[in-house]
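Peer 1: Next up, work_3.tsv (TSV, C-alpha atoms).
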```tsv
chain	number	residue	atom	x	y	z
V	765	MET	CA	-32.62	-3.86	25.74
V	766	ILE	CA	-30.80	-5.27	22.72
V	767	SER	CA	-29.21	-8.63	23.28
V	768	VAL	CA	-27.15	-11.11	21.31
V	769	ARG	CA	-26.76	-14.85	21.84
V	770	ARG	CA	-23.58	-16.38	23.16
V	771	THR	CA	-22.36	-19.73	21.97
V	772	LYS	CA	-24.11	-21.76	24.71
V	773	GLY	CA	-27.45	-20.00	24.29
V	774	ASP	CA	-26.88	-17.42	27.05
V	775	GLN	CA	-27.98	-13.85	26.48
V	776	MET	CA	-25.49	-10.95	26.53
V	777	ASN	CA	-26.47	-7.35	25.96
V	778	ALA	CA	-25.03	-5.52	22.97
V	779	ALA	CA	-23.08	-3.04	25.12
V	780	ALA	CA	-21.18	-5.90	26.77
V	781	GLN	CA	-20.45	-7.41	23.34
V	782	ILE	CA	-19.12	-4.07	22.10
V	783	ARG	CA	-16.92	-3.70	25.23
V	784	ARG	CA	-15.46	-7.16	24.70
V	785	THR	CA	-14.81	-6.44	21.02
V	786	HIS	CA	-13.05	-3.18	21.87
V	787	ALA	CA	-10.97	-4.88	24.55
V	788	ALA	CA	-9.90	-7.60	22.11
V	789	ALA	CA	-9.04	-4.99	19.47
V	790	GLN	CA	-6.85	-3.10	21.94
V	791	ARG	CA	-4.86	-6.27	22.66
V	792	ALA	CA	-4.30	-7.05	18.97
V	793	SER	CA	-0.80	-6.54	17.62
V	794	LYS	CA	-0.08	-3.45	15.56
V	795	ALA	CA	0.64	-5.59	12.49
V	796	LEU	CA	-2.77	-7.27	12.75
V	797	ALA	CA	-4.52	-3.93	13.24
V	798	TYR	CA	-2.95	-2.40	10.13
V	799	ARG	CA	-3.57	-5.57	8.12
V	800	ALA	CA	-7.24	-5.36	9.10
V	801	LEU	CA	-7.34	-1.69	8.07
V	802	SER	CA	-5.92	-2.62	4.67
V	803	GLY	CA	-8.39	-5.46	4.15
V	804	GLN	CA	-8.35	-7.25	0.81
V	805	ILE	CA	-6.01	-4.67	-0.70
V	806	ILE	CA	-3.00	-6.06	1.17
V	807	VAL	CA	-3.85	-9.53	-0.16
V	808	ALA	CA	-3.83	-8.14	-3.73
V	809	VAL	CA	-0.44	-6.52	-3.08
V	810	GLU	CA	1.01	-9.75	-1.69
V	811	ASN	CA	-0.30	-11.69	-4.71
V	812	GLY	CA	1.17	-9.18	-7.17
V	813	HIS	CA	-2.16	-7.91	-8.49
V	814	LEU	CA	-1.28	-4.44	-7.17
V	815	VAL	CA	2.23	-2.95	-6.82
V	816	ARG	CA	3.79	-0.18	-4.80
V	817	THR	CA	6.08	2.38	-6.42
V	818	GLY	CA	8.97	0.86	-4.48
V	819	ASP	CA	8.27	-2.50	-6.14
V	820	ILE	CA	8.71	-0.92	-9.58
V	821	LEU	CA	11.96	0.72	-8.51
V	822	ASP	CA	13.18	-2.66	-7.24
V	823	ARG	CA	12.39	-4.28	-10.59
V	824	LEU	CA	14.29	-1.56	-12.40
V	825	GLY	CA	17.32	-1.90	-10.12
V	826	ALA	CA	16.80	1.47	-8.42
V	827	ALA	CA	16.05	0.21	-4.91
V	828	ASP	CA	19.17	2.04	-3.70
V	829	LEU	CA	17.56	5.46	-4.25
V	830	LYS	CA	17.29	7.46	-1.02
V	831	ASP	CA	13.93	7.26	0.75
V	832	GLY	CA	13.24	10.92	0.00
V	833	TYR	CA	13.77	10.35	-3.70
V	834	GLN	CA	11.50	7.31	-3.69
V	835	SER	CA	8.84	9.33	-1.90
V	836	TRP	CA	8.96	12.07	-4.53
V	837	TYR	CA	8.78	9.46	-7.28
V	838	GLY	CA	5.59	8.19	-5.62
V	839	ARG	CA	4.16	11.72	-5.62
V	840	HIS	CA	4.86	12.07	-9.35
V	841	VAL	CA	3.15	8.74	-10.01
V	842	LYS	CA	0.12	9.77	-7.94
V	843	LYS	CA	-0.12	13.04	-9.87
V	844	ALA	CA	0.04	11.17	-13.20
V	845	HIS	CA	-2.59	8.69	-12.02
V	846	ILE	CA	-4.98	11.45	-10.97
V	847	ALA	CA	-4.44	13.25	-14.29
V	848	ALA	CA	-5.22	10.07	-16.23
V	849	THR	CA	-8.16	8.74	-14.22
V	850	GLY	CA	-9.50	11.67	-12.24
V	851	SER	CA	-9.40	9.66	-9.03
V	852	GLU	CA	-6.93	8.96	-6.26
V	853	PRO	CA	-5.07	5.63	-6.28
V	854	VAL	CA	-5.83	2.96	-3.68
V	855	ARG	CA	-3.94	3.18	-0.37
V	856	VAL	CA	-2.61	0.40	1.81
V	857	TRP	CA	-0.77	0.30	5.15
V	858	VAL	CA	2.73	-1.22	5.07
V	859	ARG	CA	5.88	-1.15	7.16
V	860	HIS	CA	8.50	1.34	6.01
V	861	ARG	CA	11.46	-0.51	4.55
V	862	THR	CA	14.11	1.16	6.73
V	863	THR	CA	12.39	2.62	9.81
V	864	GLY	CA	9.81	-0.12	10.37
V	865	LYS	CA	7.07	2.43	11.06
V	866	TRP	CA	3.61	1.83	9.64
V	867	ILE	CA	2.90	4.15	6.71
V	868	HIS	CA	0.26	4.30	4.01
V	869	VAL	CA	1.36	4.03	0.41
V	870	HIS	CA	-0.52	4.06	-2.87
V	871	VAL	CA	-0.76	0.94	-4.98
V	872	TYR	CA	-1.32	0.58	-8.70
V	873	ARG	CA	-1.93	-2.09	-11.29
V	874	PRO	CA	1.45	-3.49	-12.42
V	875	PHE	CA	1.09	-2.06	-15.92
V	876	ASP	CA	-0.44	1.29	-14.96
V	877	MET	CA	1.07	3.90	-17.26
V	878	ALA	CA	1.27	6.39	-14.37
V	879	LEU	CA	4.17	4.35	-12.95
V	880	TYR	CA	6.21	5.01	-16.08
V	881	VAL	CA	5.05	8.60	-16.57
V	882	GLY	CA	6.26	9.21	-13.01
V	883	LEU	CA	9.66	7.82	-13.95
V	884	ALA	CA	9.91	10.13	-16.93
V	885	THR	CA	8.73	13.28	-15.15
V	886	TYR	CA	10.84	13.04	-11.98
V	887	LYS	CA	14.43	14.18	-12.45
V	888	GLN	CA	15.96	11.55	-10.09
V	889	THR	CA	14.34	8.66	-12.02
V	890	LYS	CA	14.33	10.11	-15.52
V	891	HIS	CA	17.34	7.97	-16.47
V	892	LEU	CA	15.25	4.86	-15.77
V	893	ALA	CA	12.57	5.88	-18.28
V	894	GLN	CA	13.99	3.92	-21.19
V	895	PRO	CA	11.94	1.49	-23.29
V	896	ASN	CA	14.33	-1.42	-22.69
V	897	LEU	CA	13.95	-0.98	-18.90
V	898	PHE	CA	10.16	-0.89	-19.22
V	899	GLN	CA	10.36	-4.20	-21.05
V	900	ALA	CA	12.45	-5.63	-18.20
V	901	ALA	CA	9.87	-4.52	-15.66
V	902	TYR	CA	7.01	-6.04	-17.70
V	903	THR	CA	8.87	-9.31	-18.17
V	904	GLU	CA	9.70	-9.67	-14.49
V	905	ALA	CA	6.15	-8.81	-13.42
V	906	ALA	CA	4.60	-11.45	-15.67
```
Output the file's structure as structure tokens, nothing else.

Peer 2:
Amino acid sequence: MISVRRTKGDQMNAAAQIRRTHAAAQRASKALAYRALSGQIIVAVENGHLVRTGDILDRLGAADLKDGYQSWYGRHVKKAHIAATGSEPVRVWVRHRTTGKWIHVHVYRPFDMALYVGLATYKQTKHLAQPNLFQAAYTEAA
């Protein structure tokens, strides 16, 4: 029988410890559960070390784009990122800005060129792909 020590020196078998852990996890709030799934990545997003595609659109003044358009912009950015690096971007769980549902989104370095290639290749954001707007996004991010 495998056992683990409790705080006061009592023995508890591993199965009981696992049951207690599962029970505690089931009582955790949804926000805590998704934050735990995201791990250190969500901390990097909150500190600005990684950005979501929506963050870039906010910086460029395009936060009023419909959700469907923002989603397609994200797909274009992901495609550009995979073409440039050969790997998928990092994902993180966040709340959707309008529905409040938990969704996974990809995050990128703030100066990742895929963010700007996505702007230029998607027809709904092509007008934002101007050098002076890129400069504004870089300045605000720094």

Peer 1: Which one of V:Ser802, V:Asn811, V:Gln834, V:Thr885 sits closest to Arg873 of chain V if you count only C-alpha atoms?

Peer 2: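 That would be V:Asn811, the residue with the smallest distance to Arg873 of chain V.
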
Peer 1: Counting all atoms listed in the file, which residue out of V:Gln804, V:Gln888, V:Thr785, V:Gln894 sits closest to Trp857 of chain V?

Peer 2: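 Looking at the shortest contact to Trp857 of chain V, the residue is V:Gln804.
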
Peer 1: In terms of the shortest atom-to-atom distance over all atoms listed in the file, which of V:Val871, V:Ala844, V:Ala797, V:Met877 is closest to Val815 of chain V?

Peer 2: V:Val871

Peer 1: Measure the distance from atom CA of Tyr886 of chain V to atom CA of His840 of chain V in Å and round it to one decimal.

Peer 2: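 Interatomic distance, atom CA of Tyr886 of chain V to atom CA of His840 of chain V: 6.6 Å.
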
Peer 1: Here is a test: counting only C-alpha atoms, which residue of V:Ile805, V:Ala792, V:Ala893, V:Ser835 is nearest to His860 of chain V?

Peer 2: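 Looking only at the distances to His860 of chain V, the closest residue turns out to be V:Ser835.
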
Peer 1: Just give me the gap between atom CA of Lys890 of chain V and atom CA of Ala808 of chain V in Å, one decimal is fine.

Peer 2: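 We find that atom CA of Lys890 of chain V and atom CA of Ala808 of chain V lie 28.3 Å from each other.
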
Peer 1: What's the separation between atom CA of Val869 of chain V and atom CA of Tyr833 of chain V, in Å to one decimal place?

Peer 2: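 Straight-line distance from atom CA of Val869 of chain V to atom CA of Tyr833 of chain V works out to 14.5 Å.
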
Peer 1: When distances are computed from only C-alpha atoms, which of V:Ala827, V:Ala884, V:Leu879, V:Leu814 shows the smallest separation from Thr862 of chain V?

Peer 2: V:Ala827

Peer 1: Point out the residue among V:Ala848, V:Ala788, V:Val809, V:Ala795 with the least atom-to-atom distance to Tyr872 of chain V, counting only C-alpha atoms.

Peer 2: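 Smallest distance to Tyr872 of chain V is found for V:Val809.
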
Peer 1: Would you kindly return, as number ranges by chain, each protein, DNA or RNA residue with an atom no farther than 12 Å from any atom of Asp876 of chain V, considering all atoms listed in the file and excluding same-chain residues fewer than 6 positions away?

Peer 2: V: 813-817, 820, 841-842, 844-846, 848-849, 853, 882, 898, 901-902

Peer 1: Using the atoms already present, construct N, CA, C and O atoms for segment 796-820 of chain V and hand them back as a PDB file, in the frame of the given file.

Peer 2:
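Wrote it out as rebuild_17.pdb, contents follow:
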```pdb
ATOM      1  N   LEU V 796      -1.422  -6.768  13.023  1.00  0.00           N
ATOM      2  CA  LEU V 796      -2.770  -7.270  12.750  1.00  0.00           C
ATOM      3  C   LEU V 796      -3.747  -6.125  12.547  1.00  0.00           C
ATOM      4  O   LEU V 796      -4.592  -6.168  11.650  1.00  0.00           O
ATOM      5  N   ALA V 797      -3.609  -5.079  13.360  1.00  0.00           N
ATOM      6  CA  ALA V 797      -4.520  -3.930  13.240  1.00  0.00           C
ATOM      7  C   ALA V 797      -4.375  -3.264  11.870  1.00  0.00           C
ATOM      8  O   ALA V 797      -5.368  -2.965  11.209  1.00  0.00           O
ATOM      9  N   TYR V 798      -3.140  -3.036  11.430  1.00  0.00           N
ATOM     10  CA  TYR V 798      -2.950  -2.400  10.130  1.00  0.00           C
ATOM     11  C   TYR V 798      -3.342  -3.322   8.982  1.00  0.00           C
ATOM     12  O   TYR V 798      -3.839  -2.880   7.966  1.00  0.00           O
ATOM     13  N   ARG V 799      -3.141  -4.611   9.151  1.00  0.00           N
ATOM     14  CA  ARG V 799      -3.570  -5.570   8.120  1.00  0.00           C
ATOM     15  C   ARG V 799      -5.091  -5.544   7.995  1.00  0.00           C
ATOM     16  O   ARG V 799      -5.631  -5.576   6.903  1.00  0.00           O
ATOM     17  N   ALA V 800      -5.772  -5.437   9.122  1.00  0.00           N
ATOM     18  CA  ALA V 800      -7.240  -5.360   9.100  1.00  0.00           C
ATOM     19  C   ALA V 800      -7.701  -4.061   8.447  1.00  0.00           C
ATOM     20  O   ALA V 800      -8.682  -4.056   7.701  1.00  0.00           O
ATOM     21  N   LEU V 801      -6.998  -2.954   8.712  1.00  0.00           N
ATOM     22  CA  LEU V 801      -7.340  -1.690   8.070  1.00  0.00           C
ATOM     23  C   LEU V 801      -7.190  -1.781   6.552  1.00  0.00           C
ATOM     24  O   LEU V 801      -7.950  -1.197   5.802  1.00  0.00           O
ATOM     25  N   SER V 802      -6.177  -2.509   6.103  1.00  0.00           N
ATOM     26  CA  SER V 802      -5.920  -2.620   4.670  1.00  0.00           C
ATOM     27  C   SER V 802      -6.870  -3.588   3.978  1.00  0.00           C
ATOM     28  O   SER V 802      -7.085  -3.476   2.774  1.00  0.00           O
ATOM     29  N   GLY V 803      -7.401  -4.536   4.706  1.00  0.00           N
ATOM     30  CA  GLY V 803      -8.390  -5.460   4.150  1.00  0.00           C
ATOM     31  C   GLY V 803      -7.862  -6.275   2.985  1.00  0.00           C
ATOM     32  O   GLY V 803      -6.727  -6.754   2.984  1.00  0.00           O
ATOM     33  N   GLN V 804      -8.690  -6.430   1.971  1.00  0.00           N
ATOM     34  CA  GLN V 804      -8.350  -7.250   0.810  1.00  0.00           C
ATOM     35  C   GLN V 804      -7.251  -6.636  -0.053  1.00  0.00           C
ATOM     36  O   GLN V 804      -6.633  -7.314  -0.845  1.00  0.00           O
ATOM     37  N   ILE V 805      -7.014  -5.338   0.120  1.00  0.00           N
ATOM     38  CA  ILE V 805      -6.010  -4.670  -0.700  1.00  0.00           C
ATOM     39  C   ILE V 805      -4.629  -5.249  -0.427  1.00  0.00           C
ATOM     40  O   ILE V 805      -3.851  -5.504  -1.347  1.00  0.00           O
ATOM     41  N   ILE V 806      -4.306  -5.513   0.838  1.00  0.00           N
ATOM     42  CA  ILE V 806      -3.000  -6.060   1.170  1.00  0.00           C
ATOM     43  C   ILE V 806      -2.831  -7.451   0.566  1.00  0.00           C
ATOM     44  O   ILE V 806      -1.738  -7.834   0.153  1.00  0.00           O
ATOM     45  N   VAL V 807      -3.898  -8.206   0.468  1.00  0.00           N
ATOM     46  CA  VAL V 807      -3.850  -9.530  -0.160  1.00  0.00           C
ATOM     47  C   VAL V 807      -3.516  -9.382  -1.642  1.00  0.00           C
ATOM     48  O   VAL V 807      -2.690 -10.122  -2.185  1.00  0.00           O
ATOM     49  N   ALA V 808      -4.123  -8.387  -2.308  1.00  0.00           N
ATOM     50  CA  ALA V 808      -3.830  -8.140  -3.730  1.00  0.00           C
ATOM     51  C   ALA V 808      -2.390  -7.703  -3.920  1.00  0.00           C
ATOM     52  O   ALA V 808      -1.748  -8.091  -4.903  1.00  0.00           O
ATOM     53  N   VAL V 809      -1.843  -6.943  -2.991  1.00  0.00           N
ATOM     54  CA  VAL V 809      -0.440  -6.520  -3.080  1.00  0.00           C
ATOM     55  C   VAL V 809       0.475  -7.727  -2.912  1.00  0.00           C
ATOM     56  O   VAL V 809       1.429  -7.906  -3.670  1.00  0.00           O
ATOM     57  N   GLU V 810       0.186  -8.571  -1.930  1.00  0.00           N
ATOM     58  CA  GLU V 810       1.010  -9.750  -1.690  1.00  0.00           C
ATOM     59  C   GLU V 810       0.963 -10.728  -2.857  1.00  0.00           C
ATOM     60  O   GLU V 810       1.936 -11.421  -3.133  1.00  0.00           O
ATOM     61  N   ASN V 811      -0.170 -10.790  -3.561  1.00  0.00           N
ATOM     62  CA  ASN V 811      -0.300 -11.690  -4.710  1.00  0.00           C
ATOM     63  C   ASN V 811       0.219 -11.084  -6.004  1.00  0.00           C
ATOM     64  O   ASN V 811       0.221 -11.746  -7.039  1.00  0.00           O
ATOM     65  N   GLY V 812       0.623  -9.820  -5.974  1.00  0.00           N
ATOM     66  CA  GLY V 812       1.170  -9.180  -7.170  1.00  0.00           C
ATOM     67  C   GLY V 812       0.132  -8.555  -8.078  1.00  0.00           C
ATOM     68  O   GLY V 812       0.475  -8.091  -9.168  1.00  0.00           O
ATOM     69  N   HIS V 813      -1.126  -8.524  -7.670  1.00  0.00           N
ATOM     70  CA  HIS V 813      -2.160  -7.910  -8.490  1.00  0.00           C
ATOM     71  C   HIS V 813      -2.087  -6.387  -8.427  1.00  0.00           C
ATOM     72  O   HIS V 813      -2.547  -5.698  -9.332  1.00  0.00           O
ATOM     73  N   LEU V 814      -1.531  -5.868  -7.340  1.00  0.00           N
ATOM     74  CA  LEU V 814      -1.280  -4.440  -7.170  1.00  0.00           C
ATOM     75  C   LEU V 814       0.177  -4.277  -6.750  1.00  0.00           C
ATOM     76  O   LEU V 814       0.716  -5.134  -6.043  1.00  0.00           O
ATOM     77  N   VAL V 815       0.826  -3.185  -7.180  1.00  0.00           N
ATOM     78  CA  VAL V 815       2.230  -2.950  -6.820  1.00  0.00           C
ATOM     79  C   VAL V 815       2.397  -1.575  -6.209  1.00  0.00           C
ATOM     80  O   VAL V 815       1.639  -0.657  -6.504  1.00  0.00           O
ATOM     81  N   ARG V 816       3.403  -1.467  -5.365  1.00  0.00           N
ATOM     82  CA  ARG V 816       3.790  -0.180  -4.800  1.00  0.00           C
ATOM     83  C   ARG V 816       4.846   0.432  -5.718  1.00  0.00           C
ATOM     84  O   ARG V 816       5.477  -0.263  -6.515  1.00  0.00           O
ATOM     85  N   THR V 817       5.057   1.723  -5.588  1.00  0.00           N
ATOM     86  CA  THR V 817       6.080   2.380  -6.420  1.00  0.00           C
ATOM     87  C   THR V 817       7.457   1.816  -6.101  1.00  0.00           C
ATOM     88  O   THR V 817       8.291   1.680  -6.986  1.00  0.00           O
ATOM     89  N   GLY V 818       7.688   1.456  -4.858  1.00  0.00           N
ATOM     90  CA  GLY V 818       8.970   0.860  -4.480  1.00  0.00           C
ATOM     91  C   GLY V 818       9.211  -0.474  -5.170  1.00  0.00           C
ATOM     92  O   GLY V 818      10.352  -0.826  -5.480  1.00  0.00           O
ATOM     93  N   ASP V 819       8.133  -1.230  -5.422  1.00  0.00           N
ATOM     94  CA  ASP V 819       8.270  -2.500  -6.140  1.00  0.00           C
ATOM     95  C   ASP V 819       8.777  -2.269  -7.561  1.00  0.00           C
ATOM     96  O   ASP V 819       9.631  -3.015  -8.056  1.00  0.00           O
ATOM     97  N   ILE V 820       8.268  -1.234  -8.209  1.00  0.00           N
ATOM     98  CA  ILE V 820       8.710  -0.920  -9.580  1.00  0.00           C
ATOM     99  C   ILE V 820      10.177  -0.510  -9.563  1.00  0.00           C
ATOM    100  O   ILE V 820      10.959  -0.935 -10.417  1.00  0.00           O
TER     101      ILE V 820
END
```
